[in-house]
$ cat run09.txt   # compact mmCIF, C-alpha atoms
# COMPACT_ATOMS: atom_id res chain seq x y z
CA MET A 1 0.00 0.00 0.00
CA ARG A 2 2.85 2.41 0.79
CA ARG A 3 4.36 1.71 -2.64
CA CYS A 4 1.14 2.95 -4.27
CA GLY A 5 1.53 6.29 -2.49
CA VAL A 6 5.07 6.60 -3.73
CA ARG A 7 4.00 5.76 -7.28
CA TRP A 8 1.46 8.59 -7.61
CA ALA A 9 3.84 11.06 -5.94
CA SER A 10 6.69 10.12 -8.27
CA LYS A 11 4.49 10.42 -11.35
CA SER A 12 3.06 13.70 -10.10
CA LEU A 13 6.51 15.20 -9.51
CA LEU A 14 7.74 14.09 -12.94
CA ILE A 15 4.68 15.56 -14.64
CA GLY A 16 5.15 18.74 -12.63
CA ALA A 17 8.79 18.97 -13.73
CA LEU A 18 7.81 18.67 -17.40
CA ALA A 19 5.06 21.27 -17.02
CA THR A 20 7.54 23.54 -15.22
CA ALA A 21 9.97 23.30 -18.15
CA ILE A 22 7.24 24.44 -20.54
CA ASP A 23 6.10 27.12 -18.11
CA LEU A 24 9.66 28.37 -17.63
CA GLY A 25 10.28 28.49 -21.38
CA ILE A 26 7.17 30.56 -22.03
CA GLY A 27 7.78 32.88 -19.07
CA THR A 28 11.44 33.40 -19.94
CA PHE A 29 10.57 34.17 -23.56
CA CYS A 30 8.03 36.75 -22.42
CA ALA A 31 10.48 38.31 -19.93
CA VAL A 32 13.69 38.27 -21.95
CA VAL A 33 12.52 38.61 -25.55
CA LEU A 34 9.21 40.46 -25.25
CA HIS A 35 10.17 42.50 -22.13
CA LEU A 36 6.70 42.10 -20.63
CA PRO A 37 6.03 42.84 -16.95
CA THR A 38 7.02 40.08 -14.52
CA ARG A 39 3.45 39.27 -13.48
CA VAL A 40 2.38 38.87 -17.13
CA CYS A 41 5.35 36.60 -17.90
CA THR A 42 4.74 34.47 -14.84
CA ALA A 43 0.99 34.21 -15.45
CA ALA A 44 1.38 33.36 -19.14
CA GLY A 45 3.81 30.53 -18.43
CA LEU A 46 1.80 29.22 -15.50
CA CYS A 47 -1.49 29.19 -17.39
CA VAL A 48 -0.09 26.97 -20.13
CA GLY A 49 2.03 24.85 -17.79
CA ALA A 50 -0.75 24.42 -15.24
CA THR A 51 -3.27 23.36 -17.89
CA LEU A 52 -0.91 20.74 -19.28
CA ASN A 53 -0.11 19.69 -15.72
CA PHE A 54 -3.80 19.20 -14.90
CA LEU A 55 -4.49 17.11 -17.98
CA ALA A 56 -1.41 14.91 -17.46
CA GLN A 57 -1.97 14.56 -13.70
CA ARG A 58 -5.57 13.51 -14.30
CA ARG A 59 -4.57 10.96 -16.92
CA PHE A 60 -1.30 9.51 -15.65
CA ALA A 61 -0.66 10.26 -11.96
CA PHE A 62 -4.06 10.00 -10.32
CA SER A 63 -6.10 8.02 -12.87
CA ASP A 64 -9.14 10.12 -12.06
CA GLY A 65 -12.05 7.73 -12.36
CA ASP A 66 -14.55 10.56 -12.05
CA THR A 67 -15.84 10.94 -15.59
CA ARG A 68 -17.40 14.28 -14.67
CA LEU A 69 -14.52 16.49 -15.71
CA GLY A 70 -16.34 19.60 -14.48
CA HIS A 71 -16.09 18.79 -10.77
CA THR A 72 -12.39 18.02 -10.93
CA PHE A 73 -11.74 21.02 -13.18
CA VAL A 74 -13.44 23.45 -10.78
CA ARG A 75 -11.38 22.17 -7.84
CA TRP A 76 -8.22 22.40 -9.93
CA ALA A 77 -9.06 25.90 -11.20
CA LEU A 78 -9.63 27.23 -7.67
CA VAL A 79 -6.42 25.70 -6.30
CA THR A 80 -4.39 26.80 -9.32
CA ALA A 81 -5.75 30.37 -9.28
CA ALA A 82 -4.68 30.74 -5.65
CA GLN A 83 -1.26 29.24 -6.36
CA ILE A 84 -0.72 31.48 -9.41
CA ALA A 85 -1.58 34.57 -7.36
CA VAL A 86 0.86 33.65 -4.57
CA HIS A 87 3.54 32.54 -7.03
CA GLY A 88 3.20 35.67 -9.16
CA GLN A 89 3.58 37.94 -6.15
CA LEU A 90 6.62 36.02 -4.91
CA VAL A 91 8.38 36.12 -8.31
CA THR A 92 7.54 39.81 -8.72
CA MET A 93 8.97 40.61 -5.28
CA LEU A 94 12.15 38.69 -6.06
CA ARG A 95 12.66 40.07 -9.57
CA ASP A 96 11.38 43.62 -9.31
CA GLY A 97 12.08 44.25 -5.63
CA LEU A 98 15.31 42.34 -5.03
CA HIS A 99 16.57 42.35 -8.67
CA VAL A 100 16.95 38.59 -8.86
CA PRO A 101 17.11 37.51 -12.54
CA TYR A 102 13.87 36.04 -13.92
CA VAL A 103 14.89 32.37 -14.12
CA PRO A 104 16.23 32.02 -10.53
CA ALA A 105 13.28 34.04 -9.19
CA LYS A 106 10.84 31.82 -11.10
CA MET A 107 12.54 28.61 -9.97
CA LEU A 108 12.50 29.72 -6.33
CA GLY A 109 8.81 30.61 -6.65
CA ASP A 110 8.15 27.18 -8.17
CA LEU A 111 10.03 25.47 -5.37
CA VAL A 112 8.09 27.31 -2.68
CA VAL A 113 4.61 27.05 -4.21
CA PHE A 114 4.60 23.99 -6.47
CA THR A 115 6.38 21.16 -4.62
CA LEU A 116 5.13 19.55 -1.40
CA LEU A 117 2.08 21.79 -1.09
CA GLN A 118 1.15 20.98 -4.69
CA LEU A 119 1.29 17.23 -4.02
CA VAL A 120 -0.97 17.53 -0.99
CA LEU A 121 -3.48 19.74 -2.80
CA LEU A 122 -3.58 17.45 -5.85
CA ARG A 123 -4.07 14.26 -3.82
CA TYR A 124 -6.57 15.48 -1.26
CA VAL A 125 -8.39 18.41 -2.91
CA VAL A 126 -8.23 18.12 -6.70
CA PHE A 127 -8.10 14.33 -7.14
CA PRO A 128 -9.38 12.90 -3.85
CA LYS A 129 -9.89 9.17 -3.67
CA ARG A 130 -13.50 8.21 -4.16
CA LYS A 131 -15.23 6.38 -1.30
CA ASP A 132 -15.32 3.12 -3.25
CA GLU A 133 -11.54 3.37 -3.94
CA VAL A 134 -10.82 3.88 -0.24
CA ALA A 135 -12.93 0.83 0.68
CA THR A 136 -11.17 -1.45 -1.84
CA SER A 137 -7.67 -0.29 -0.86
CA ARG A 138 -8.10 -1.45 2.73
$ encode --input "run09.txt" --output "structure tokens"
Amino acid sequence: MRRCGVRWASKSLLIGALATAIDLGIGTFCAVVLHLPTRVCTAAGLCVGATLNFLAQRRFAFSDGDTRLGHTFVRWALVTAAQIAVHGQLVTMLRDGLHVPYVPAKMLGDLVVFTLLQLVLLRYVVFPKRKDEVATSR
């Protein structure tokens, strides 16, 4: 049973890393090439990365058996909107306030907002185990 917990966490972290790479690429392009404001760069990257993350998490990490995409999507959208707001403020403070370059500021923001807390939120809020799954896993 413990191995199952490690399996979803490992998959979730790998998916998150891939989504972060896409997110970082988009955000860096917006910051370095387009010279857009930090919040815009961060939000643009996170919107694309978070959407891909949701779809991959649902399919590969958590095997969401709930065929009603709407319920899961609403939970994900609320959690992600809160995370994007906190992350955007943190990256803006680091980059614009402390003059940390975009990539290190973004990576630190990702580390703070999208690691352990993200795993907990995905497992217990966005993709909670259904009651019938809990009963069969005992």
$ closest_atom_pairs --input "run09.txt" --of "stretch 81-118 of chain A" --to "stretch 19-25 of chain A" --cutoff "8 Å" --atoms "all atoms listed in the file" --output "tab-separated table"
residue	atom	partner	partner_atom	distance
A:Val103	CA	A:Leu24	CA	7.5
A:Lys106	CA	A:Leu24	CA	7.5
A:Asp110	CA	A:Thr20	CA	8.0
$ atom_distance --input "run09.txt" --atom1 "atom CA of A:Pro128" --atom2 "atom CA of A:Val113"
19.9 Å
$ residues_around --input "run09.txt" --residues "A:Ile84" --least-positions-apart "2" --cutoff "9 Å" --atoms "only C-alpha atoms" --output "list in words"
Thr42, Ala43, Leu46, Cys47, Val79, Thr80, Ala81, Ala82, Val86, His87, Gly88, Gln89 and Val113 of chain A
$ write_last_selection --input "run09.txt" --atoms "C-alpha atoms" --output "CSV table (one decimal), in the frame of the given file"
chain,number,residue,atom,x,y,z
A,42,THR,CA,4.7,34.5,-14.8
A,43,ALA,CA,1.0,34.2,-15.4
A,46,LEU,CA,1.8,29.2,-15.5
A,47,CYS,CA,-1.5,29.2,-17.4
A,79,VAL,CA,-6.4,25.7,-6.3
A,80,THR,CA,-4.4,26.8,-9.3
A,81,ALA,CA,-5.8,30.4,-9.3
A,82,ALA,CA,-4.7,30.7,-5.6
A,86,VAL,CA,0.9,33.6,-4.6
A,87,HIS,CA,3.5,32.5,-7.0
A,88,GLY,CA,3.2,35.7,-9.2
A,89,GLN,CA,3.6,37.9,-6.2
A,113,VAL,CA,4.6,27.0,-4.2
$ closest_residue --input "run09.txt" --among "A:Thr28, A:Phe54, A:Ser10, A:Ala85" --to "A:Pro101" --atoms "all atoms listed in the file"
A:Thr28
$ residues_around --input "run09.txt" --residues "A:Ile26" --least-positions-apart "6" --cutoff "8 Å" --atoms "only C-alpha atoms" --output "MDAnalysis selection string"
chainID A and resid 41 44:45
$ atom_distance --input "run09.txt" --atom1 "atom CA of A:Val32" --atom2 "atom CA of A:Leu13"
27.2 Å
$ closest_residue --input "run09.txt" --among "A:Gly16, A:Leu78, A:Lys129, A:Leu90" --to "A:Tyr102" --atoms "all atoms listed in the file"
A:Leu90
$ atom_distance --input "run09.txt" --atom1 "atom CA of A:Leu119" --atom2 "atom CA of A:Ala9"
6.9 Å
$ residues_near_point --input "run09.txt" --point "(1.4, 14.5, -12.3)" --cutoff "9 Å" --atoms "all atoms listed in the file" --output "PyMOL selection string"
chain A and resi 8-17+53-62+119+122
$ write_last_selection --input "run09.txt" --atoms "C-alpha atoms" --output "compact mmCIF listing (two decimals), in the frame of the given file"
# COMPACT_ATOMS: atom_id res chain seq x y z
CA TRP A 8 1.46 8.59 -7.61
CA ALA A 9 3.84 11.06 -5.94
CA SER A 10 6.69 10.12 -8.27
CA LYS A 11 4.49 10.42 -11.35
CA SER A 12 3.06 13.70 -10.10
CA LEU A 13 6.51 15.20 -9.51
CA LEU A 14 7.74 14.09 -12.94
CA ILE A 15 4.68 15.56 -14.64
CA GLY A 16 5.15 18.74 -12.63
CA ALA A 17 8.79 18.97 -13.73
CA ASN A 53 -0.11 19.69 -15.72
CA PHE A 54 -3.80 19.20 -14.90
CA LEU A 55 -4.49 17.11 -17.98
CA ALA A 56 -1.41 14.91 -17.46
CA GLN A 57 -1.97 14.56 -13.70
CA ARG A 58 -5.57 13.51 -14.30
CA ARG A 59 -4.57 10.96 -16.92
CA PHE A 60 -1.30 9.51 -15.65
CA ALA A 61 -0.66 10.26 -11.96
CA PHE A 62 -4.06 10.00 -10.32
CA LEU A 119 1.29 17.23 -4.02
CA LEU A 122 -3.58 17.45 -5.85
